[in-house]
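Trainee: Following this line is input_12.pdb, made up of PDB, C-alpha atoms:
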ATOM      1  CA  MET Q  33      -7.533 119.501  67.957
ATOM      2  CA  PRO Q  34      -5.047 118.779  70.764
ATOM      3  CA  ILE Q  35      -3.238 115.549  71.490
ATOM      4  CA  TYR Q  36      -5.074 113.584  74.159
ATOM      5  CA  LYS Q  37      -3.304 112.083  77.118
ATOM      6  CA  ASN Q  38      -3.147 108.339  77.663
ATOM      7  CA  GLY Q  39      -6.556 107.008  78.646
ATOM      8  CA  LYS Q  40      -8.689 109.470  76.650
ATOM      9  CA  GLU Q  41     -10.032 109.317  73.107
ATOM     10  CA  LYS Q  42      -8.390 105.972  72.442
ATOM     11  CA  TYR Q  43     -10.161 105.648  69.098
ATOM     12  CA  TYR Q  44      -7.344 107.738  67.637
ATOM     13  CA  ALA Q  45      -5.107 104.672  67.916
ATOM     14  CA  VAL Q  46      -7.320 102.702  65.506
ATOM     15  CA  GLN Q  47      -6.505 102.601  61.800
ATOM     16  CA  GLU Q  48      -9.265 103.395  59.326
ATOM     17  CA  LEU Q  49      -9.502 100.291  57.135
ATOM     18  CA  ALA Q  50     -10.954  99.865  53.659
ATOM     19  CA  LYS Q  51     -14.613  98.829  53.857
ATOM     20  CA  ASN Q  52     -14.429  95.957  51.359
ATOM     21  CA  GLY Q  53     -12.169  92.959  50.883
ATOM     22  CA  THR Q  54     -10.666  90.114  52.887
ATOM     23  CA  PRO Q  55      -8.561  90.850  56.000
ATOM     24  CA  ARG Q  56      -5.385  90.319  53.975
ATOM     25  CA  GLU Q  57      -6.588  92.673  51.251
ATOM     26  CA  LYS Q  58      -7.447  95.317  53.840
ATOM     27  CA  PHE Q  59      -4.009  94.863  55.375
ATOM     28  CA  ASP Q  60      -2.352  95.300  51.957
ATOM     29  CA  ILE Q  61      -4.252  98.552  51.397
ATOM     30  CA  LEU Q  62      -3.223  99.748  54.844
ATOM     31  CA  TYR Q  63       0.396  98.913  54.046
ATOM     32  CA  ALA Q  64       0.199 100.886  50.797
ATOM     33  CA  GLU Q  65      -1.110 103.883  52.764
ATOM     34  CA  ALA Q  66       1.851 103.504  55.114
ATOM     35  CA  GLY Q  67       4.201 104.239  52.231
ATOM     36  CA  GLU Q  68       2.599 107.647  51.753
ATOM     37  CA  ALA Q  69       2.470 108.331  55.489
ATOM     38  CA  HIS Q  70       6.179 107.524  55.846
ATOM     39  CA  SER Q  71       7.285 110.612  53.902
ATOM     40  CA  ALA Q  72       4.714 112.774  55.721
ATOM     41  CA  LEU Q  73       6.009 111.645  59.123
ATOM     42  CA  HIS Q  74       9.555 112.314  57.967
ATOM     43  CA  ASP Q  75       8.532 115.897  57.172
ATOM     44  CA  ILE Q  76       7.175 116.266  60.715
ATOM     45  CA  THR Q  77      10.376 114.918  62.285
ATOM     46  CA  ARG Q  78      12.558 117.224  60.159
ATOM     47  CA  GLN Q  79      10.527 120.206  61.308
ATOM     48  CA  ILE Q  80      10.801 119.167  64.975
ATOM     49  CA  ALA Q  81      14.534 118.453  64.717
ATOM     50  CA  ARG Q  82      15.259 121.826  63.092
ATOM     51  CA  LYS Q  83      13.114 123.801  65.502
ATOM     52  CA  PHE Q  84      14.292 122.189  68.750
ATOM     53  CA  GLY Q  85      17.753 120.887  67.944
ATOM     54  CA  GLY Q  86      16.916 117.194  67.810
ATOM     55  CA  GLN Q  87      18.468 114.342  65.892
ATOM     56  CA  ILE Q  88      16.249 112.165  63.683
ATOM     57  CA  VAL Q  89      16.326 108.376  63.868
ATOM     58  CA  MET Q  90      13.991 107.508  60.977
ATOM     59  CA  ALA Q  91      13.111 103.830  60.809
ATOM     60  CA  PRO Q  92      12.242 102.168  57.496
ATOM     61  CA  LEU Q  93       8.731 100.826  57.045
ATOM     62  CA  LYS Q  94       8.196  97.694  59.066
ATOM     63  CA  LEU Q  95       8.541  94.871  56.555
ATOM     64  CA  ARG Q  96       5.206  93.759  55.142
ATOM     65  CA  GLU Q  97       5.528  90.133  56.229
ATOM     66  CA  VAL Q  98       6.888  91.120  59.640
ATOM     67  CA  ALA Q  99       3.821  93.299  60.205
ATOM     68  CA  TRP Q 100       1.476  90.549  59.016
ATOM     69  CA  GLY Q 101       3.363  88.007  61.108
ATOM     70  CA  LYS Q 102       2.753  90.174  64.176
ATOM     71  CA  LEU Q 103      -0.975  89.742  63.561
ATOM     72  CA  SER Q 104      -0.904  86.043  62.759
ATOM     73  CA  ARG Q 105       1.823  85.322  65.328
ATOM     74  CA  GLY Q 106       3.523  83.071  62.810
ATOM     75  CA  ASP Q 107       0.480  80.849  62.329
ATOM     76  CA  ALA Q 108      -0.421  80.849  58.639
ATOM     77  CA  LYS Q 109      -3.825  79.306  59.444
ATOM     78  CA  LYS Q 110      -4.780  81.903  62.054
ATOM     79  CA  VAL Q 111      -7.818  83.996  61.141
ATOM     80  CA  VAL Q 112      -6.892  87.660  61.511
ATOM     81  CA  ALA Q 113      -9.795  89.929  62.458
ATOM     82  CA  ASP Q 114     -10.255  93.455  61.132
ATOM     83  CA  ALA Q 115     -10.051  94.770  64.695
ATOM     84  CA  GLU Q 116      -6.532  93.362  65.036
ATOM     85  CA  ILE Q 117      -5.400  94.962  61.783
ATOM     86  CA  ALA Q 118      -6.821  98.308  62.885
ATOM     87  CA  LYS Q 119      -4.576  98.272  65.976
ATOM     88  CA  LEU Q 120      -1.439  97.969  63.856
ATOM     89  CA  ASN Q 121      -0.084 101.484  64.267
ATOM     90  CA  ASP Q 122       3.692 101.008  64.172
ATOM     91  CA  ILE Q 123       4.293 100.227  60.482
ATOM     92  CA  VAL Q 124       5.490 103.833  60.177
ATOM     93  CA  ARG Q 125       7.850 104.850  62.970
ATOM     94  CA  ALA Q 126      10.337 107.578  63.761
ATOM     95  CA  THR Q 127      12.335 108.868  66.708
ATOM     96  CA  VAL Q 128      13.737 112.272  67.570
ATOM     97  CA  LYS Q 129      16.346 112.393  70.311
ATOM     98  CA  PHE Q 130      17.360 115.534  72.176
ATOM     99  CA  ALA Q 131      20.542 116.497  73.996
ATOM    100  CA  THR Q 132      18.567 117.865  76.959
ATOM    101  CA  PHE Q 133      15.224 117.175  78.541
ATOM    102  CA  ALA Q 134      14.418 120.888  78.317
ATOM    103  CA  ALA Q 135      14.572 120.669  74.515
ATOM    104  CA  LEU Q 136      12.375 117.562  74.562
ATOM    105  CA  LEU Q 137       9.832 119.378  76.718
ATOM    106  CA  LYS Q 138       9.661 122.329  74.308
ATOM    107  CA  ALA Q 139       9.133 119.941  71.397
ATOM    108  CA  GLN Q 140       6.411 118.159  73.355
ATOM    109  CA  ARG Q 141       4.531 121.412  73.971
ATOM    110  CA  HIS Q 142       4.757 122.208  70.255
ATOM    111  CA  MET Q 143       3.296 118.804  69.392
ATOM    112  CA  ASP Q 144       0.410 119.304  71.816
ATOM    113  CA  LYS Q 145      -0.613 122.468  69.995
ATOM    114  CA  THR Q 146      -0.103 121.249  66.442
ATOM    115  CA  TYR Q 147      -0.989 117.583  65.846
ATOM    116  CA  ASP Q 148      -3.789 115.093  66.504
ATOM    117  CA  GLY Q 149      -3.238 111.893  68.429
ATOM    118  CA  ILE Q 150      -2.459 110.387  71.828
ATOM    119  CA  VAL Q 151       0.610 111.001  73.987
ATOM    120  CA  TYR Q 152       2.142 108.440  76.348
ATOM    121  CA  ASP Q 153       4.631 110.222  78.629
ATOM    122  CA  ARG Q 154       6.642 107.501  80.300
ATOM    123  CA  TYR Q 155       8.934 109.962  82.029
ATOM    124  CA  LYS Q 156       6.100 111.367  84.101
ATOM    125  CA  ASP Q 157       3.450 108.634  84.026
ATOM    126  CA  GLY Q 158       5.887 105.876  84.927
ATOM    127  CA  ALA Q 159       8.158 103.517  83.048
ATOM    128  CA  THR Q 160       7.417 100.070  81.734
ATOM    129  CA  GLU Q 161       8.394  97.191  84.019
ATOM    130  CA  SER Q 162      11.753  97.008  82.249
ATOM    131  CA  GLY Q 163      12.479 100.617  83.179
ATOM    132  CA  TYR Q 164      12.039 101.894  79.614
ATOM    133  CA  ARG Q 165      11.021 105.530  79.184
ATOM    134  CA  ASP Q 166      10.120 107.784  76.295
ATOM    135  CA  VAL Q 167       7.421 110.170  75.137
ATOM    136  CA  LYS Q 168       5.440 108.313  72.486
ATOM    137  CA  TYR Q 169       2.941 109.919  70.142
ATOM    138  CA  VAL Q 170       0.354 107.982  68.186
ATOM    139  CA  LEU Q 171      -0.362 110.445  65.381
ATOM    140  CA  LYS Q 172      -2.993 110.833  62.673
ATOM    141  CA  VAL Q 173      -1.166 111.608  59.418
ATOM    142  CA  PRO Q 174      -3.404 112.547  56.428
ATOM    143  CA  VAL Q 175      -2.936 110.393  53.303
ATOM    144  CA  GLN Q 176      -4.631 109.948  49.941
ATOM    145  CA  SER Q 177      -5.514 106.314  49.217
ATOM    146  CA  GLN Q 178      -7.521 104.851  46.317
ATOM    147  CA  ASN Q 179      -9.074 108.228  45.501
ATOM    148  CA  ARG Q 180     -10.189 108.788  49.077
ATOM    149  CA  LYS Q 181      -8.856 111.014  51.819
ATOM    150  CA  THR Q 182      -8.047 109.166  54.998
ATOM    151  CA  HIS Q 183      -5.381 109.107  57.666
ATOM    152  CA  HIS Q 184      -2.716 106.653  58.757
ATOM    153  CA  ILE Q 185      -1.743 106.139  62.384
ATOM    154  CA  CYS Q 186       2.024 106.548  62.870
ATOM    155  CA  GLU Q 187       4.304 106.250  65.897
ATOM    156  CA  LEU Q 188       6.688 109.060  66.854
ATOM    157  CA  GLN Q 189       8.976 108.751  69.856
ATOM    158  CA  PHE Q 190      10.864 111.475  71.716
ATOM    159  CA  HIS Q 191      14.001 110.433  73.568
ATOM    160  CA  THR Q 192      16.854 112.090  75.337
ATOM    161  CA  VAL Q 193      20.329 110.910  74.397
ATOM    162  CA  GLN Q 194      20.428 108.886  77.633
ATOM    163  CA  SER Q 195      17.091 107.161  77.171
ATOM    164  CA  ARG Q 196      17.869 106.304  73.534
ATOM    165  CA  ASP Q 197      21.240 104.828  74.494
ATOM    166  CA  ALA Q 198      19.545 102.733  77.171
ATOM    167  CA  TYR Q 199      16.954 101.585  74.624
ATOM    168  CA  GLU Q 200      19.622 100.459  72.171
ATOM    169  CA  VAL Q 201      21.497  98.467  74.815
ATOM    170  CA  PHE Q 202      18.350  96.819  76.189
ATOM    171  CA  HIS Q 203      16.507  96.186  72.915
ATOM    172  CA  PRO Q 204      18.152  92.808  72.079
ATOM    173  CA  ILE Q 205      16.993  91.542  75.473
ATOM    174  CA  TYR Q 206      13.512  92.886  74.737
ATOM    175  CA  GLU Q 207      13.535  91.039  71.397
ATOM    176  CA  VAL Q 208      14.019  87.809  73.354
ATOM    177  CA  LEU Q 209      11.494  88.563  76.098
ATOM    178  CA  ARG Q 210       8.675  89.569  73.757
ATOM    179  CA  ARG Q 211       8.607  85.973  72.534
ATOM    180  CA  MET Q 212       6.775  85.182  75.781
ATOM    181  CA  GLY Q 213       3.787  87.178  74.561
ATOM    182  CA  LYS Q 214       1.941  89.595  76.820
ATOM    183  CA  GLU Q 215       1.398  87.291  79.786
ATOM    184  CA  GLY Q 216       4.374  88.760  81.626
ATOM    185  CA  ALA Q 217       5.233  85.717  83.774
ATOM    186  CA  ALA Q 218       8.672  84.222  83.139
ATOM    187  CA  GLN Q 219       8.609  81.005  81.125
ATOM    188  CA  PRO Q 220      11.096  79.024  79.010
ATOM    189  CA  ILE Q 221      11.706  80.378  75.500
ATOM    190  CA  THR Q 222      12.937  78.611  72.375
ATOM    191  CA  ILE Q 223      14.804  80.801  69.880
ATOM    192  CA  ASP Q 224      14.245  79.408  66.387
ATOM    193  CA  LYS Q 225      17.233  78.399  64.311
ATOM    194  CA  LYS Q 226      16.599  81.194  61.805
ATOM    195  CA  ASP Q 227      16.868  83.829  64.546
ATOM    196  CA  THR Q 228      19.811  82.554  66.597
ATOM    197  CA  ALA Q 229      22.607  84.214  64.603
ATOM    198  CA  ASP Q 230      20.957  87.634  64.559
ATOM    199  CA  LEU Q 231      19.929  87.607  68.225
ATOM    200  CA  GLY Q 232      23.205  86.056  69.331
ATOM    201  CA  ALA Q 233      25.220  88.850  67.723
ATOM    202  CA  LYS Q 234      22.963  91.547  69.186
ATOM    203  CA  LEU Q 235      23.061  90.043  72.692
ATOM    204  CA  ARG Q 236      26.850  89.811  72.475
ATOM    205  CA  GLN Q 237      26.948  93.550  71.752
ATOM    206  CA  THR Q 238      24.735  94.251  74.775
ATOM    207  CA  TRP Q 239      26.967  92.092  76.970
ATOM    208  CA  SER Q 240      30.070  93.845  75.635
ATOM    209  CA  THR Q 241      28.599  97.290  76.350
ATOM    210  CA  MET Q 242      27.636  96.293  79.896
ATOM    211  CA  LEU Q 243      31.127  94.908  80.460
ATOM    212  CA  ILE Q 244      32.918  98.004  79.130
ATOM    213  CA  ARG Q 245      30.636 100.493  80.906
ATOM    214  CA  HIS Q 246      30.543  98.476  84.160
ATOM    215  CA  ILE Q 247      26.754  98.324  84.090
ATOM    216  CA  GLY Q 248      25.247  96.228  86.859
ATOM    217  CA  GLY Q 249      28.401  94.862  88.405
ATOM    218  CA  GLN Q 250      30.441  91.729  87.769
ATOM    219  CA  ASP Q 251      27.788  89.176  88.756
ATOM    220  CA  ILE Q 252      25.166  90.692  86.452
ATOM    221  CA  VAL Q 253      27.578  90.885  83.517
ATOM    222  CA  HIS Q 254      28.665  87.288  84.067
ATOM    223  CA  ALA Q 255      25.051  86.102  84.255
ATOM    224  CA  LEU Q 256      24.384  87.711  80.859
ATOM    225  CA  TYR Q 257      27.547  86.132  79.453
ATOM    226  CA  GLU Q 258      26.278  82.664  80.424
ATOM    227  CA  ILE Q 259      23.096  83.309  78.433
ATOM    228  CA  VAL Q 260      24.908  84.756  75.414
ATOM    229  CA  ARG Q 261      27.227  81.743  75.541
ATOM    230  CA  LEU Q 262      24.261  79.532  74.584
ATOM    231  CA  PHE Q 263      24.246  81.166  71.141
ATOM    232  CA  TYR Q 264      27.936  80.450  70.465
ATOM    233  CA  LEU Q 265      30.067  77.394  69.852
ATOM    234  CA  ASP Q 266      33.062  78.723  71.775
ATOM    235  CA  SER Q 267      33.670  80.488  75.093
ATOM    236  CA  THR Q 268      35.308  83.460  73.345
ATOM    237  CA  LEU Q 269      32.003  84.245  71.576
ATOM    238  CA  GLU Q 270      33.577  84.173  68.138
ATOM    239  CA  THR Q 271      31.600  81.460  66.333
ATOM    240  CA  LEU Q 272      27.805  81.549  66.343
ATOM    241  CA  GLY Q 273      25.895  78.289  66.575
ATOM    242  CA  GLU Q 274      23.432  77.202  63.924
ATOM    243  CA  GLY Q 275      20.750  75.385  65.895
ATOM    244  CA  PRO Q 276      17.838  76.573  68.048
ATOM    245  CA  VAL Q 277      18.593  77.925  71.523
ATOM    246  CA  GLU Q 278      16.665  76.862  74.604
ATOM    247  CA  LEU Q 279      16.394  79.444  77.387
ATOM    248  CA  SER Q 280      15.273  78.140  80.778
ATOM    249  CA  LYS Q 281      12.845  79.919  83.052
ATOM    250  CA  GLN Q 282      15.816  81.022  85.169
ATOM    251  CA  ASP Q 283      17.536  82.452  82.075
ATOM    252  CA  VAL Q 284      14.398  84.427  81.279
ATOM    253  CA  GLU Q 285      14.109  85.704  84.858
ATOM    254  CA  THR Q 286      17.716  86.877  84.636
ATOM    255  CA  LEU Q 287      16.982  88.772  81.425
ATOM    256  CA  ILE Q 288      13.900  90.382  82.997
ATOM    257  CA  GLU Q 289      16.069  91.652  85.864
ATOM    258  CA  MET Q 290      18.480  93.263  83.373
ATOM    259  CA  GLY Q 291      15.986  95.887  82.188
ATOM    260  CA  PRO Q 292      15.818  98.176  85.239
ATOM    261  CA  ILE Q 293      19.561  97.795  85.819
ATOM    262  CA  ILE Q 294      20.442  98.892  82.274
ATOM    263  CA  HIS Q 295      17.994 101.796  82.212
ATOM    264  CA  GLU Q 296      18.974 102.976  85.685
ATOM    265  CA  ALA Q 297      22.615 103.146  84.597
ATOM    266  CA  TYR Q 298      21.725 105.584  81.817
ATOM    267  CA  TYR Q 299      19.137 107.535  83.829
ATOM    268  CA  ARG Q 300      21.435 107.984  86.826
ATOM    269  CA  ASN Q 301      21.830 111.711  86.275
ATOM    270  CA  MET Q 302      18.394 112.229  84.777
ATOM    271  CA  LYS Q 303      16.622 110.959  87.876
ATOM    272  CA  ASN Q 304      18.198 113.782  89.915
ATOM    273  CA  ALA Q 305      17.863 116.403  87.182
ATOM    274  CA  ARG Q 306      15.523 119.375  87.340
ATOM    275  CA  VAL Q 307      14.032 121.389  84.517
ATOM    276  CA  MET Q 308      12.256 124.743  84.724
ATOM    277  CA  VAL Q 309       8.496 124.293  84.231
ATOM    278  CA  ASP Q 310       6.130 127.214  84.769
ATOM    279  CA  GLY Q 311       8.698 129.051  86.854
ATOM    280  CA  LYS Q 312       9.517 126.073  89.100
ATOM    281  CA  LEU Q 313      12.258 123.471  89.003
ATOM    282  CA  GLN Q 314      10.566 120.121  88.453
ATOM    283  CA  PRO Q 315      12.083 116.606  88.417
ATOM    284  CA  VAL Q 316      12.681 115.163  84.960
ATOM    285  CA  ILE Q 317      11.595 111.716  86.121
ATOM    286  CA  ASP Q 318       8.787 111.347  88.629
ATOM    287  CA  GLY Q 319      10.142 109.866  91.865
ATOM    288  CA  GLN Q 320       7.079 107.822  92.802
ATOM    289  CA  ALA Q 321       6.840 106.324  89.323
ATOM    290  CA  ARG Q 322      10.540 105.521  89.433
ATOM    291  CA  LYS Q 323      10.151 103.551  92.661
ATOM    292  CA  GLY Q 324       7.477 101.440  90.982
ATOM    293  CA  ILE Q 325       9.905 100.126  88.367
ATOM    294  CA  TYR Q 326      11.543  97.823  90.874
ATOM    295  CA  SER Q 327       8.455  96.473  92.608
ATOM    296  CA  ASN Q 328       8.900  93.035  91.046
ATOM    297  CA  GLN Q 329      12.690  93.071  90.721
ATOM    298  CA  LYS Q 330      15.587  92.171  92.954
ATOM    299  CA  ILE Q 331      16.033  95.551  94.601
ATOM    300  CA  ALA Q 332      18.877  94.429  96.835
ATOM    301  CA  ALA Q 333      20.980  93.294  93.867
ATOM    302  CA  LYS Q 334      20.439  96.581  92.066
ATOM    303  CA  GLN Q 335      21.340  98.637  95.132
ATOM    304  CA  ALA Q 336      24.485  96.594  95.729
ATOM    305  CA  ALA Q 337      25.600  97.140  92.147
ATOM    306  CA  MET Q 338      25.050 100.884  92.408
ATOM    307  CA  LYS Q 339      26.278 101.506  95.985
ATOM    308  CA  ASP Q 340      29.616 103.014  94.914
ATOM    309  CA  VAL Q 341      28.059 105.456  92.452
ATOM    310  CA  VAL Q 342      28.131 109.101  93.506
ATOM    311  CA  GLN Q 343      24.743 110.675  92.835
ATOM    312  CA  ASN Q 344      24.964 114.283  91.598
ATOM    313  CA  LYS Q 345      22.190 116.813  91.216
ATOM    314  CA  VAL Q 346      22.285 117.877  87.580
ATOM    315  CA  TYR Q 347      20.381 120.795  86.027
ATOM    316  CA  ILE Q 348      19.501 120.529  82.340
TER     317      ILE Q 348
END
Could you render the structure from this file as structure tokens?
Mentor:
Amino acid sequence: MPIYKNGKEKYYAVQELAKNGTPREKFDILYAEAGEAHSALHDITRQIARKFGGQIVMAPLKLREVAWGKLSRGDAKKVVADAEIAKLNDIVRATVKFATFAALLKAQRHMDKTYDGIVYDRYKDGATESGYRDVKYVLKVPVQSQNRKTHHICELQFHTVQSRDAYEVFHPIYEVLRRMGKEGAAQPITIDKKDTADLGAKLRQTWSTMLIRHIGGQDIVHALYEIVRLFYLDSTLETLGEGPVELSKQDVETLIEMGPIIHEAYYRNMKNARVMVDGKLQPVIDGQARKGIYSNQKIAAKQAAMKDVVQNKVYI
């Protein structure tokens, strides 16, 4: 059975839960199944990497309490419904990154013929608001659990080297922004004391990368520095603070604006690249979808930061 495109056969993204037990017991069974599915997904990624020259980035299982916390949103008293548990399909995750988009495309065609699931192609269908792109598969991986045959839903991402690099630079900012929930509108965020050291160090690395690679221009880099500075006791960013960090609405809006700027810096060549598809040179990234990334961003600031960049047509 082929992989269905986004918007069709969405039931494939729903985990098959045990029929009996409390929600927590059903979650624990699901987590046990994930352990078996992890090795099976690793086998799939090894096959893909060998066949198409990719590099595996195999993530460990999402920690049990982190996964449960995603459902309860940190509220120990929250009643978690079975339907919410069934949507938890990223306990088992893996990434394969490719040196060229042509290699990614060949791997994608192989997946379409071989495995069951859903594909989200965010190169062609359009990026997230942050500018993030990948090809994400939500796969059915067969497992044996409690003397019954079932399947576990796993997440497999395909990246190019550029899109993975952009992901790694932007991800600390995403870790902050996702604390707003799914509403989307900018609002103040409080970073708990237990998370400040980890996030502060990661954001410092993002700021350092943007500074060294000249991503976004001086004003953008300085704006990020002022936010990272909130996590540190000194202006040299050497000593992390120990208390909670309060980010204002303006701070959050600044972080939201960073996403398209960071991703654009890494996609600069990809957006002009062409790859041979069915005898015709096709754009790697869809132009109309690309324009949509910036609909709610400060387009003028982005264009000013990029005005001195020479755009080259690159064939990959």
Trainee: Kindly indicate which residue among Q:Arg236, Q:Arg105, Q:Lys156, Q:His184 lies nearest to Q:Leu137, using only C-alpha atoms for the distances.
Mentor: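 Result for the nearest residue to Q:Leu137: Q:Lys156.
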Trainee: I'd like to know which of Q:Leu272, Q:His246, Q:Leu265, Q:Glu285 is closest to Q:Met212, using all atoms listed in the file.
Mentor: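 For Q:Met212, the nearest of the given residues is Q:Glu285.
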Trainee: Kindly give the distance, in Å, that separates atom CA of Q:Glu274 and atom CA of Q:Gln250, rounded to a single decimal.
Mentor: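 That distance, rounded to one decimal, is 28.8 Å.
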Trainee: Just so the selection is clear, what residues does the PyMOL selection byres ((chain Q and resi 198-200) around 8) cover here, as an mmCIF file with C-alpha atoms, keeping the file's coordinate frame?
Mentor:
data_model
loop_
_atom_site.group_PDB
_atom_site.id
_atom_site.type_symbol
_atom_site.label_atom_id
_atom_site.label_comp_id
_atom_site.auth_asym_id
_atom_site.auth_seq_id
_atom_site.Cartn_x
_atom_site.Cartn_y
_atom_site.Cartn_z
ATOM 1 C CA TYR Q 164 12.039 101.894 79.614
ATOM 2 C CA GLN Q 194 20.428 108.886 77.633
ATOM 3 C CA SER Q 195 17.091 107.161 77.171
ATOM 4 C CA ARG Q 196 17.869 106.304 73.534
ATOM 5 C CA ASP Q 197 21.240 104.828 74.494
ATOM 6 C CA VAL Q 201 21.497 98.467 74.815
ATOM 7 C CA PHE Q 202 18.350 96.819 76.189
ATOM 8 C CA HIS Q 203 16.507 96.186 72.915
ATOM 9 C CA PRO Q 204 18.152 92.808 72.079
ATOM 10 C CA ILE Q 294 20.442 98.892 82.274
ATOM 11 C CA HIS Q 295 17.994 101.796 82.212
ATOM 12 C CA TYR Q 298 21.725 105.584 81.817
#
Trainee: Suppose a student applies the PyMOL selection byres ((chain Q and resi 88) around 9) to this structure; what residues should they get, written as a list in words?
Mentor: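 For this structure, the PyMOL selection byres ((chain Q and resi 88) around 9) captures His74, Thr77, Arg78, Ile80, Ala81, Gly86, Gln87, Val89, Met90, Ala126, Thr127, Val128 and Lys129 of chain Q.
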Trainee: As a check of understanding, name the residues that the PyMOL selection byres ((chain Q and resi 218) around 8) selects in the supplied structure, as a VMD selection string.
Mentor: chain Q and resid 212 216 to 217 219 to 220 281 284 to 285
Trainee: What does the distance between atom CA of Q:Glu258 and atom CA of Q:Ser280 come to in Å, to one decimal place?
Mentor: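 Rounded to one decimal, the two atoms are 11.9 Å apart.
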